[in-house]
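Colleague: Contents of entry.csv (CSV, C-alpha atoms) are given next:
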```
chain,number,residue,atom,x,y,z
Z,1,MET,CA,12.5,56.3,122.0
Z,2,GLU,CA,12.0,54.5,118.7
Z,3,GLU,CA,13.9,51.2,118.6
Z,4,TYR,CA,15.9,52.1,115.5
Z,5,LYS,CA,17.1,55.3,117.0
Z,6,LYS,CA,18.3,53.4,120.1
Z,7,LEU,CA,20.3,51.1,117.8
Z,8,GLN,CA,21.8,54.1,116.0
Z,9,GLN,CA,22.9,55.5,119.4
Z,10,ALA,CA,24.7,52.3,120.3
Z,11,VAL,CA,26.3,52.0,116.8
Z,12,GLU,CA,27.5,55.6,116.9
Z,13,TYR,CA,29.0,55.1,120.3
Z,14,LEU,CA,30.8,51.9,119.2
Z,15,LYS,CA,32.2,53.6,116.1
Z,16,ASN,CA,33.5,56.4,118.2
Z,17,GLN,CA,35.2,53.8,120.3
Z,18,GLY,CA,37.1,52.6,117.3
Z,19,VAL,CA,34.9,49.7,116.2
Z,20,ASN,CA,35.4,49.9,112.4
Z,21,ALA,CA,34.0,47.6,109.7
Z,22,PRO,CA,33.8,44.3,111.6
Z,23,ASP,CA,33.5,41.1,109.5
Z,24,ILE,CA,32.1,38.5,111.9
Z,25,GLY,CA,30.1,38.7,115.1
Z,26,ILE,CA,30.4,35.9,117.7
Z,27,VAL,CA,28.2,35.3,120.7
Z,28,LEU,CA,29.9,33.3,123.4
Z,29,GLY,CA,27.4,31.3,125.5
Z,30,THR,CA,27.6,29.8,129.0
Z,31,GLY,CA,31.1,28.8,130.0
Z,32,LEU,CA,32.5,29.6,126.5
Z,33,GLY,CA,34.5,32.8,127.1
Z,34,LYS,CA,38.0,31.5,126.4
Z,35,LEU,CA,37.7,32.2,122.6
Z,36,THR,CA,38.4,35.8,123.4
Z,37,GLU,CA,42.0,34.7,124.4
Z,38,LEU,CA,42.6,33.9,120.7
Z,39,ILE,CA,41.5,37.2,119.4
Z,40,GLU,CA,44.1,40.0,119.0
Z,41,ILE,CA,41.9,42.5,120.9
Z,42,GLU,CA,42.0,46.1,120.0
Z,43,LYS,CA,39.2,47.3,122.2
Z,44,SER,CA,37.1,45.8,125.1
Z,45,ILE,CA,33.9,47.6,126.0
Z,46,ASN,CA,31.6,46.9,129.0
Z,47,TYR,CA,28.0,46.4,128.0
Z,48,SER,CA,27.1,48.9,130.7
Z,49,ASP,CA,29.0,51.6,128.7
Z,50,ILE,CA,27.1,51.0,125.5
Z,51,PRO,CA,23.9,53.1,125.1
Z,52,ASN,CA,20.7,50.9,125.4
Z,53,PHE,CA,22.7,47.7,125.5
Z,54,PRO,CA,21.0,44.9,127.6
Z,55,LEU,CA,23.1,43.8,130.6
Z,56,SER,CA,23.6,40.1,131.5
Z,57,THR,CA,22.8,39.3,135.2
Z,58,VAL,CA,24.1,35.8,135.0
Z,59,GLU,CA,27.4,35.3,137.0
Z,60,PHE,CA,29.1,33.2,134.3
Z,61,HIS,CA,28.3,35.7,131.5
Z,62,SER,CA,31.0,38.4,131.5
Z,63,GLY,CA,29.2,41.3,129.8
Z,64,LYS,CA,32.0,42.6,127.5
Z,65,LEU,CA,32.2,43.3,123.8
Z,66,HIS,CA,35.6,42.6,122.3
Z,67,TYR,CA,36.8,44.0,119.0
Z,68,GLY,CA,39.9,42.7,117.3
Z,69,GLU,CA,41.4,40.3,114.8
Z,70,LEU,CA,41.3,36.6,114.3
Z,71,GLY,CA,42.2,34.6,111.3
Z,72,GLY,CA,42.7,37.7,109.2
Z,73,LYS,CA,39.2,38.9,109.9
Z,74,LYS,CA,37.8,41.7,112.1
Z,75,ILE,CA,35.8,40.2,114.9
Z,76,LEU,CA,33.2,41.5,117.3
Z,77,ALA,CA,32.8,39.0,120.1
Z,78,MET,CA,30.1,39.2,122.8
Z,79,GLN,CA,31.4,37.6,126.0
Z,80,GLY,CA,28.1,36.7,127.5
Z,81,ARG,CA,24.5,37.3,126.4
Z,82,CYS,CA,21.2,38.3,128.1
Z,83,HIS,CA,18.2,35.9,128.2
Z,84,MET,CA,14.5,36.3,128.4
Z,85,TYR,CA,14.5,34.5,131.8
Z,86,GLU,CA,16.4,37.6,133.2
Z,87,GLY,CA,13.2,39.6,132.4
Z,88,TYR,CA,14.2,40.9,129.0
Z,89,SER,CA,11.8,40.9,126.0
Z,90,ALA,CA,12.9,39.1,122.9
Z,91,ASN,CA,13.3,42.5,121.3
Z,92,GLU,CA,15.8,43.5,124.0
Z,93,VAL,CA,17.7,40.2,123.7
Z,94,VAL,CA,18.4,40.7,120.0
Z,95,PHE,CA,19.5,44.4,120.4
Z,96,PRO,CA,23.2,43.4,120.2
Z,97,ILE,CA,22.8,41.3,117.1
Z,98,ARG,CA,21.0,44.2,115.3
Z,99,ALA,CA,23.7,46.6,116.4
Z,100,MET,CA,26.5,44.4,115.1
Z,101,LYS,CA,24.7,44.0,111.7
Z,102,MET,CA,24.4,47.8,111.5
Z,103,LEU,CA,28.1,48.0,112.2
Z,104,GLY,CA,28.8,45.9,109.2
Z,105,ILE,CA,29.2,42.2,110.2
Z,106,LYS,CA,28.7,39.7,107.3
Z,107,LEU,CA,28.0,36.7,109.5
Z,108,ILE,CA,27.0,35.9,113.1
Z,109,MET,CA,28.3,32.8,114.9
Z,110,LEU,CA,26.2,31.8,117.9
Z,111,THR,CA,27.3,29.4,120.6
Z,112,ASN,CA,25.4,28.0,123.6
Z,113,ALA,CA,25.3,25.3,126.2
Z,114,ALA,CA,22.4,22.9,125.8
Z,115,GLY,CA,20.8,19.8,127.2
Z,116,GLY,CA,21.0,16.7,125.1
Z,117,ILE,CA,17.6,15.3,124.2
Z,118,ASN,CA,19.2,12.9,121.6
Z,119,LEU,CA,20.7,10.2,123.8
Z,120,SER,CA,23.3,9.3,121.3
Z,121,TYR,CA,25.1,12.5,122.2
Z,122,GLU,CA,27.8,12.7,124.8
Z,123,LYS,CA,28.6,15.4,127.4
Z,124,GLY,CA,31.0,17.9,126.0
Z,125,GLN,CA,30.1,17.1,122.4
Z,126,LEU,CA,29.7,19.9,119.8
Z,127,ILE,CA,26.5,19.9,117.7
Z,128,LEU,CA,26.0,22.1,114.7
Z,129,LEU,CA,22.5,23.5,114.5
Z,130,ASP,CA,20.6,22.7,111.3
Z,131,ASP,CA,17.1,23.8,112.4
Z,132,HIS,CA,15.2,24.9,115.6
Z,133,ILE,CA,11.9,24.8,117.4
Z,134,ASP,CA,10.8,28.0,118.9
Z,135,LEU,CA,8.8,27.4,122.2
Z,136,LEU,CA,9.4,30.9,123.6
Z,137,PRO,CA,6.4,33.1,124.5
Z,138,ASP,CA,7.9,36.2,122.8
Z,139,ASN,CA,9.3,37.0,119.4
Z,140,PRO,CA,11.7,39.9,118.5
Z,141,LEU,CA,9.6,40.8,115.5
Z,142,LEU,CA,6.4,41.4,117.4
Z,143,GLY,CA,5.0,45.0,117.1
Z,144,LYS,CA,5.7,47.5,114.4
Z,145,ASN,CA,8.2,46.2,111.9
Z,146,ILE,CA,11.6,48.0,111.7
Z,147,ASP,CA,11.6,48.5,108.0
Z,148,GLN,CA,15.3,49.7,108.0
Z,149,LEU,CA,16.3,46.2,109.2
Z,150,GLY,CA,14.1,43.9,107.1
Z,151,ASP,CA,10.8,42.8,105.7
Z,152,ARG,CA,7.6,42.2,107.8
Z,153,PHE,CA,7.5,38.5,107.0
Z,154,PRO,CA,11.0,37.0,106.8
Z,155,ASP,CA,11.5,33.5,105.4
Z,156,MET,CA,12.8,30.9,107.9
Z,157,SER,CA,13.1,27.9,105.5
Z,158,THR,CA,16.9,27.9,106.0
Z,159,PRO,CA,17.6,29.6,109.3
Z,160,TYR,CA,21.2,28.5,109.4
Z,161,ASP,CA,23.5,29.3,106.5
Z,162,LYS,CA,24.2,26.2,104.4
Z,163,VAL,CA,27.5,27.4,103.0
Z,164,ALA,CA,28.9,28.3,106.4
Z,165,ASN,CA,27.6,25.1,108.0
Z,166,ALA,CA,29.3,23.1,105.3
Z,167,LEU,CA,32.6,25.0,105.9
Z,168,LEU,CA,32.3,24.4,109.6
Z,169,THR,CA,31.8,20.7,109.0
Z,170,ASP,CA,34.8,20.5,106.7
Z,171,CYS,CA,36.9,22.4,109.3
Z,172,ALA,CA,35.9,19.9,112.0
Z,173,LYS,CA,36.7,17.0,109.6
Z,174,GLY,CA,40.1,18.4,109.1
Z,175,LEU,CA,40.7,18.1,112.8
Z,176,GLN,CA,39.3,14.5,112.8
Z,177,TYR,CA,36.2,15.7,114.6
Z,178,ASN,CA,32.7,14.6,113.5
Z,179,LEU,CA,30.5,17.7,113.9
Z,180,GLU,CA,27.0,16.2,113.9
Z,181,LYS,CA,23.9,18.3,113.1
Z,182,GLY,CA,21.0,18.7,115.4
Z,183,ILE,CA,17.7,20.5,116.0
Z,184,TYR,CA,17.6,22.9,119.0
Z,185,ALA,CA,14.4,23.7,121.0
Z,186,SER,CA,14.4,27.0,122.8
Z,187,VAL,CA,12.5,27.4,126.0
Z,188,THR,CA,12.2,30.2,128.5
Z,189,GLY,CA,13.8,28.7,131.6
Z,190,PRO,CA,15.5,29.4,134.0
Z,191,ASN,CA,14.3,26.1,135.5
Z,192,LEU,CA,15.3,22.9,133.7
Z,193,GLU,CA,12.7,20.6,132.3
Z,194,THR,CA,10.6,17.9,133.9
Z,195,ARG,CA,10.8,14.3,132.7
Z,196,ALA,CA,7.5,14.7,130.8
Z,197,GLU,CA,8.7,17.8,129.1
Z,198,TYR,CA,11.9,16.0,127.9
Z,199,ARG,CA,9.6,13.3,126.5
Z,200,PHE,CA,7.5,16.0,124.8
Z,201,LEU,CA,10.6,17.7,123.3
Z,202,LYS,CA,11.9,14.4,121.9
Z,203,THR,CA,8.5,13.6,120.4
Z,204,ILE,CA,8.4,16.9,118.5
Z,205,GLY,CA,11.8,16.4,117.0
Z,206,ALA,CA,14.3,18.2,119.3
Z,207,ASP,CA,17.8,16.9,119.7
Z,208,LEU,CA,18.8,19.7,122.1
Z,209,VAL,CA,17.1,22.1,124.5
Z,210,GLY,CA,18.3,25.5,125.7
Z,211,MET,CA,17.3,29.0,126.8
Z,212,SER,CA,18.8,31.2,124.1
Z,213,THR,CA,19.9,31.5,120.5
Z,214,VAL,CA,16.5,31.3,118.6
Z,215,PRO,CA,15.5,35.0,119.1
Z,216,GLU,CA,19.0,35.9,117.8
Z,217,VAL,CA,18.6,33.6,114.8
Z,218,ILE,CA,15.2,35.1,114.0
Z,219,ALA,CA,16.6,38.6,114.2
Z,220,ALA,CA,19.5,37.6,111.9
Z,221,ASN,CA,17.2,36.1,109.3
Z,222,HIS,CA,15.1,39.2,109.4
Z,223,MET,CA,18.1,41.3,108.5
Z,224,LYS,CA,19.3,38.7,105.9
Z,225,LEU,CA,22.4,38.2,108.1
Z,226,PRO,CA,23.9,34.7,107.6
Z,227,CYS,CA,24.2,32.8,110.8
Z,228,VAL,CA,25.7,29.6,112.2
Z,229,ALA,CA,25.2,28.1,115.7
Z,230,ILE,CA,27.0,25.5,117.7
Z,231,SER,CA,25.7,23.9,120.9
Z,232,ILE,CA,27.8,22.2,123.5
Z,233,VAL,CA,26.0,19.3,125.1
Z,234,THR,CA,26.4,20.0,128.9
Z,235,ASP,CA,23.9,17.4,130.3
Z,236,LEU,CA,21.9,14.4,129.1
Z,237,CYS,CA,18.2,14.6,129.3
Z,238,ASP,CA,17.1,11.0,129.7
Z,239,PRO,CA,13.6,11.1,131.3
Z,240,ASP,CA,14.0,7.5,132.4
Z,241,ASN,CA,17.3,8.1,134.2
Z,242,LEU,CA,17.2,11.8,135.0
Z,243,GLU,CA,20.0,13.1,137.2
Z,244,VAL,CA,19.5,16.1,139.4
Z,245,ALA,CA,20.9,19.2,137.6
Z,246,ASN,CA,24.3,20.4,138.8
Z,247,ILE,CA,25.3,23.8,137.4
Z,248,GLU,CA,29.0,23.2,138.2
Z,249,ASP,CA,28.9,20.0,136.1
Z,250,ILE,CA,27.2,21.9,133.3
Z,251,ILE,CA,29.9,24.5,133.3
Z,252,ALA,CA,32.6,21.9,133.4
Z,253,ASN,CA,31.1,20.0,130.4
Z,254,ALA,CA,30.9,23.3,128.5
Z,255,GLY,CA,34.6,23.7,129.2
Z,256,ILE,CA,35.3,20.3,127.7
Z,257,GLY,CA,33.5,21.2,124.5
Z,258,GLU,CA,35.1,24.6,124.5
Z,259,GLN,CA,38.5,23.0,124.0
Z,260,THR,CA,37.3,21.6,120.6
Z,261,LEU,CA,35.6,24.8,119.7
Z,262,LEU,CA,38.8,26.7,120.2
Z,263,LYS,CA,40.4,24.5,117.5
Z,264,ILE,CA,37.6,24.6,115.0
Z,265,VAL,CA,36.5,28.3,115.1
Z,266,PRO,CA,39.9,29.9,114.2
Z,267,ARG,CA,40.2,27.5,111.3
Z,268,PHE,CA,36.6,28.3,110.2
Z,269,ILE,CA,37.2,32.1,110.4
Z,270,GLU,CA,40.4,31.9,108.4
Z,271,LYS,CA,38.8,30.0,105.6
Z,272,LEU,CA,35.5,32.0,105.6
Z,273,LYS,CA,35.0,34.3,102.6
Z,274,VAL,CA,33.2,37.5,103.8
```
As structure tokens - that is how I would like this structure written.
Modeller:
Amino acid sequence: MEEYKKLQQAVEYLKNQGVNAPDIGIVLGTGLGKLTELIEIEKSINYSDIPNFPLSTVEFHSGKLHYGELGGKKILAMQGRCHMYEGYSANEVVFPIRAMKMLGIKLIMLTNAAGGINLSYEKGQLILLDDHIDLLPDNPLLGKNIDQLGDRFPDMSTPYDKVANALLTDCAKGLQYNLEKGIYASVTGPNLETRAEYRFLKTIGADLVGMSTVPEVIAANHMKLPCVAISIVTDLCDPDNLEVANIEDIIANAGIGEQTLLKIVPRFIEKLKV
């Protein structure tokens, strides 16, 4: 079936479930599901019930789409995302972003857990993405262009919305939090990197490394959908003092950052003009 028709099926289903004119889409990454507790939820829908929606196979990704209100805005929040390391193509990974845009969202907020290449960072720190490096072997725009969504050759000179980024920074300052900016490198995973790979990533300018987000940002820019993204530093990637990866520690550090995120995001959504 043609990709756009698959999207239309999903959108029609969600409209029939009562998802009406959402303002903002949010993707909640690894260990970041508690934001849904702040949303006045009107409807929660399992990904498995939505036609053509990719299903997350990662245990700490819930797999639910929540529709409700926060800060006077209608919110569509994805509790969990799918990744290319699960066997999905980049095109499949961005299916939910495209569907949310077709439903009417005016901005997408992406969150993720990431390794800190920049050794000035601390575990649990929030970093606002200002740019990225795409090291993935696939791209959601490969193949025939979906003309209904966007142009063949979308510009990526400003992948993250400057106005929304400035507002997020101001909201953090209002809470006495310094929201630093960083550059995120996206890799396939699911293995973490070697010492030599961390050195390489630092050399090419990465502050952070993770296994998601960039395909979603590409799809958003293709559709001229403003986006912002926040990473939580869950582990430090010092090639000279590299610790063995511990997924429990990574989830715990995500939880530390999530407490700050829970304060900043509602403030941002309330002040955002959409």
Colleague: List as a ChimeraX atom specification the protein and nucleic acid residues near region 129-141 of chain Z, meaning an atom at most 8 Å away when only C-alpha atoms are counted, but skip any in the same chain fewer than 6 places from it.
Modeller: /Z:89-94,158-160,181-188,206,214-215,218-219,228-231
Colleague: Write out as a PDB file with C-alpha atoms, in the frame of the given file which residues come within 12 Å of Gly72 (chain Z) when counting only C-alpha atoms, dropping same-chain ones fewer than 5 positions away.
Modeller:
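The resulting around16.pdb:
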```
ATOM      1  CA  PRO Z  22      33.800  44.300 111.600  1.00  0.00           C
ATOM      2  CA  ASP Z  23      33.500  41.100 109.500  1.00  0.00           C
ATOM      3  CA  ILE Z  24      32.100  38.500 111.900  1.00  0.00           C
ATOM      4  CA  ILE Z  39      41.500  37.200 119.400  1.00  0.00           C
ATOM      5  CA  GLU Z  40      44.100  40.000 119.000  1.00  0.00           C
ATOM      6  CA  PRO Z 266      39.900  29.900 114.200  1.00  0.00           C
ATOM      7  CA  ARG Z 267      40.200  27.500 111.300  1.00  0.00           C
ATOM      8  CA  PHE Z 268      36.600  28.300 110.200  1.00  0.00           C
ATOM      9  CA  ILE Z 269      37.200  32.100 110.400  1.00  0.00           C
ATOM     10  CA  GLU Z 270      40.400  31.900 108.400  1.00  0.00           C
ATOM     11  CA  LYS Z 271      38.800  30.000 105.600  1.00  0.00           C
ATOM     12  CA  LEU Z 272      35.500  32.000 105.600  1.00  0.00           C
ATOM     13  CA  LYS Z 273      35.000  34.300 102.600  1.00  0.00           C
ATOM     14  CA  VAL Z 274      33.200  37.500 103.800  1.00  0.00           C
TER      15      VAL Z 274
END
```
Colleague: Please measure the separation of CA of Phe53 (chain Z) and CA of Thr111 (chain Z), giving the value in Å to one decimal.
Modeller: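 These atoms are spaced 19.5 Å apart.
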Colleague: Could you give me, as a list in words, the residues within 12 Å of Gly189 (chain Z), counting all atoms listed in the file and dropping anything in the same chain fewer than 5 positions from it?
Modeller: His83, Met84, Tyr85, Glu86, Gly87, Ala114, Leu135, Leu136, Pro137, Thr194, Val209, Gly210, Met211 and Ser212 of chain Z
Colleague: So that each row is one residue of region 97-180 of chain Z with an atom at most 8 Å from region 247-256 of chain Z, can you give its shortest atom pair and the distance in Å to one decimal, using all atoms listed in the file, rows by chain and rising number, as CSV?
Modeller:
```
residue,atom,partner,partner_atom,distance
Z:Ala113,CA,Z:Ala254,CA,6.4
Z:Lys123,CA,Z:Asn253,CA,6.0
Z:Gly124,CA,Z:Asn253,CA,4.9
```
Colleague: Between CA of Gly80 (chain Z) and CA of Asn20 (chain Z), measure the distance and give it in Å to one decimal.
Modeller: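 One can read the CA of Gly80 (chain Z) to CA of Asn20 (chain Z) distance as 21.3 Å.
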Colleague: When you draw a straight line from CA of Asp155 (chain Z) to CA of His222 (chain Z), how long is it in Å?
Modeller: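 That distance, rounded to one decimal, is 7.8 Å.
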Colleague: So which residues touch Asp161 (chain Z) within 12 Å, counting all atoms listed in the file, skipping near sequence neighbours fewer than 6 positions away, as a compact mmCIF listing (two decimals) with C-alpha atoms, keeping the file's coordinate frame?
Modeller:
```
# COMPACT_ATOMS: atom_id res chain seq x y z
CA LYS Z 106 28.70 39.70 107.30
CA LEU Z 107 28.00 36.70 109.50
CA ILE Z 108 27.00 35.90 113.10
CA MET Z 109 28.30 32.80 114.90
CA LEU Z 110 26.20 31.80 117.90
CA LEU Z 128 26.00 22.10 114.70
CA LEU Z 129 22.50 23.50 114.50
CA ASP Z 130 20.60 22.70 111.30
CA ASP Z 131 17.10 23.80 112.40
CA LEU Z 167 32.60 25.00 105.90
CA LEU Z 168 32.30 24.40 109.60
CA VAL Z 217 18.60 33.60 114.80
CA ALA Z 220 19.50 37.60 111.90
CA ASN Z 221 17.20 36.10 109.30
CA LYS Z 224 19.30 38.70 105.90
CA LEU Z 225 22.40 38.20 108.10
CA PRO Z 226 23.90 34.70 107.60
CA CYS Z 227 24.20 32.80 110.80
CA VAL Z 228 25.70 29.60 112.20
CA ALA Z 229 25.20 28.10 115.70
```
Colleague: My list of candidates is Z:Leu119, Z:Leu201, Z:Leu35, Z:Ala77. Which is closest to Met100 (chain Z) when distances are computed with only C-alpha atoms?
Modeller: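 Checking each of Z:Leu119, Z:Leu201, Z:Leu35, Z:Ala77 against Met100 (chain Z), counting only C-alpha atoms, the winner is Z:Ala77.
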Colleague: Counting all atoms listed in the file, write as a list in words all protein and nucleic acid residues lying at most 10 Å from (37.4, 33.2, 127.3) in the file's frame.
Modeller: Leu28, Gly31, Leu32, Gly33, Lys34, Leu35, Thr36, Glu37, Leu38, Ile39, Ser62, Gln79, Gly80, Glu258 and Leu262 of chain Z
Colleague: Using all atoms listed in the file for the distances, tell me which of Z:Gln176, Z:Cys237, Z:Met223, Z:Ala10 is nearest to Pro154 (chain Z).
Modeller: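 That would be Z:Met223, the residue with the smallest distance to Pro154 (chain Z).
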Colleague: Write out as an MDAnalysis selection string each polymer residue whose atoms come within 6 Å of Gly115 (chain Z), counting all atoms listed in the file; drop sequence neighbours fewer than 6 positions from it.
Modeller: chainID Z and resid 208:209 233:236
Colleague: Of the candidates Z:Tyr88, Z:Met102, Z:Tyr13, Z:Leu7, which shows the shortest atom-to-atom distance to Gly25 (chain Z), using all atoms listed in the file?
Modeller: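 Among Z:Tyr88, Z:Met102, Z:Tyr13, Z:Leu7, it is Z:Met102 that comes nearest to Gly25 (chain Z).
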Colleague: Tell me which of Z:Ile127, Z:Leu142, Z:Asn165, Z:Ile26 sits closest to Asn178 (chain Z), counting all atoms listed in the file.
Modeller: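 Closest to Asn178 (chain Z) of all the choices is Z:Ile127.
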Colleague: What would region 191-215 of chain Z look like with N, CA and C atoms restored, written as a PDB file, in the frame of the given file?
Modeller:
```
ATOM      1  N   ASN Z 191      14.314  27.437 134.986  1.00  0.00           N
ATOM      2  CA  ASN Z 191      14.300  26.100 135.500  1.00  0.00           C
ATOM      3  C   ASN Z 191      14.574  25.097 134.325  1.00  0.00           C
ATOM      4  N   LEU Z 192      15.175  23.960 134.661  1.00  0.00           N
ATOM      5  CA  LEU Z 192      15.300  22.900 133.700  1.00  0.00           C
ATOM      6  C   LEU Z 192      14.012  22.147 133.555  1.00  0.00           C
ATOM      7  N   GLU Z 193      13.949  21.219 132.625  1.00  0.00           N
ATOM      8  CA  GLU Z 193      12.700  20.600 132.300  1.00  0.00           C
ATOM      9  C   GLU Z 193      12.343  19.397 133.158  1.00  0.00           C
ATOM     10  N   THR Z 194      11.072  19.070 133.179  1.00  0.00           N
ATOM     11  CA  THR Z 194      10.600  17.900 133.900  1.00  0.00           C
ATOM     12  C   THR Z 194      10.796  16.654 132.949  1.00  0.00           C
ATOM     13  N   ARG Z 195      10.635  15.472 133.499  1.00  0.00           N
ATOM     14  CA  ARG Z 195      10.800  14.300 132.700  1.00  0.00           C
ATOM     15  C   ARG Z 195       9.730  14.255 131.549  1.00  0.00           C
ATOM     16  N   ALA Z 196       8.496  14.664 131.868  1.00  0.00           N
ATOM     17  CA  ALA Z 196       7.500  14.700 130.800  1.00  0.00           C
ATOM     18  C   ALA Z 196       7.776  15.713 129.747  1.00  0.00           C
ATOM     19  N   GLU Z 197       8.370  16.829 130.130  1.00  0.00           N
ATOM     20  CA  GLU Z 197       8.700  17.800 129.100  1.00  0.00           C
ATOM     21  C   GLU Z 197       9.858  17.348 128.229  1.00  0.00           C
ATOM     22  N   TYR Z 198      10.824  16.609 128.782  1.00  0.00           N
ATOM     23  CA  TYR Z 198      11.900  16.000 127.900  1.00  0.00           C
ATOM     24  C   TYR Z 198      11.270  15.038 126.937  1.00  0.00           C
ATOM     25  N   ARG Z 199      10.307  14.244 127.380  1.00  0.00           N
ATOM     26  CA  ARG Z 199       9.600  13.300 126.500  1.00  0.00           C
ATOM     27  C   ARG Z 199       8.908  14.072 125.354  1.00  0.00           C
ATOM     28  N   PHE Z 200       8.257  15.150 125.734  1.00  0.00           N
ATOM     29  CA  PHE Z 200       7.500  16.000 124.800  1.00  0.00           C
ATOM     30  C   PHE Z 200       8.519  16.559 123.730  1.00  0.00           C
ATOM     31  N   LEU Z 201       9.636  17.093 124.199  1.00  0.00           N
ATOM     32  CA  LEU Z 201      10.600  17.700 123.300  1.00  0.00           C
ATOM     33  C   LEU Z 201      11.170  16.671 122.314  1.00  0.00           C
ATOM     34  N   LYS Z 202      11.419  15.460 122.803  1.00  0.00           N
ATOM     35  CA  LYS Z 202      11.900  14.400 121.900  1.00  0.00           C
ATOM     36  C   LYS Z 202      10.832  14.048 120.875  1.00  0.00           C
ATOM     37  N   THR Z 203       9.584  13.999 121.310  1.00  0.00           N
ATOM     38  CA  THR Z 203       8.500  13.600 120.400  1.00  0.00           C
ATOM     39  C   THR Z 203       8.325  14.636 119.277  1.00  0.00           C
ATOM     40  N   ILE Z 204       8.534  15.916 119.554  1.00  0.00           N
ATOM     41  CA  ILE Z 204       8.400  16.900 118.500  1.00  0.00           C
ATOM     42  C   ILE Z 204       9.602  17.133 117.650  1.00  0.00           C
ATOM     43  N   GLY Z 205      10.666  16.355 117.934  1.00  0.00           N
ATOM     44  CA  GLY Z 205      11.800  16.400 117.000  1.00  0.00           C
ATOM     45  C   GLY Z 205      13.050  17.091 117.514  1.00  0.00           C
ATOM     46  N   ALA Z 206      13.091  17.504 118.772  1.00  0.00           N
ATOM     47  CA  ALA Z 206      14.300  18.200 119.300  1.00  0.00           C
ATOM     48  C   ALA Z 206      15.397  17.271 119.630  1.00  0.00           C
ATOM     49  N   ASP Z 207      16.607  17.657 119.276  1.00  0.00           N
ATOM     50  CA  ASP Z 207      17.800  16.900 119.700  1.00  0.00           C
ATOM     51  C   ASP Z 207      18.449  17.613 120.909  1.00  0.00           C
ATOM     52  N   LEU Z 208      18.170  18.901 121.071  1.00  0.00           N
ATOM     53  CA  LEU Z 208      18.800  19.700 122.100  1.00  0.00           C
ATOM     54  C   LEU Z 208      17.761  20.666 122.684  1.00  0.00           C
ATOM     55  N   VAL Z 209      17.999  21.125 123.903  1.00  0.00           N
ATOM     56  CA  VAL Z 209      17.100  22.100 124.500  1.00  0.00           C
ATOM     57  C   VAL Z 209      17.980  23.167 125.214  1.00  0.00           C
ATOM     58  N   GLY Z 210      17.602  24.443 125.057  1.00  0.00           N
ATOM     59  CA  GLY Z 210      18.300  25.500 125.700  1.00  0.00           C
ATOM     60  C   GLY Z 210      17.445  26.735 125.893  1.00  0.00           C
ATOM     61  N   MET Z 211      18.035  27.815 126.412  1.00  0.00           N
ATOM     62  CA  MET Z 211      17.300  29.000 126.800  1.00  0.00           C
ATOM     63  C   MET Z 211      17.696  30.251 126.046  1.00  0.00           C
ATOM     64  N   SER Z 212      18.292  30.068 124.867  1.00  0.00           N
ATOM     65  CA  SER Z 212      18.800  31.200 124.100  1.00  0.00           C
ATOM     66  C   SER Z 212      18.756  30.974 122.635  1.00  0.00           C
ATOM     67  N   THR Z 213      19.501  31.765 121.885  1.00  0.00           N
ATOM     68  CA  THR Z 213      19.900  31.500 120.500  1.00  0.00           C
ATOM     69  C   THR Z 213      18.757  31.780 119.463  1.00  0.00           C
ATOM     70  N   VAL Z 214      17.577  31.182 119.656  1.00  0.00           N
ATOM     71  CA  VAL Z 214      16.500  31.300 118.600  1.00  0.00           C
ATOM     72  C   VAL Z 214      16.094  32.727 118.359  1.00  0.00           C
ATOM     73  N   PRO Z 215      15.869  33.576 119.383  1.00  0.00           N
ATOM     74  CA  PRO Z 215      15.500  35.000 119.100  1.00  0.00           C
ATOM     75  C   PRO Z 215      16.623  35.643 118.215  1.00  0.00           C
TER      76      PRO Z 215
END
```
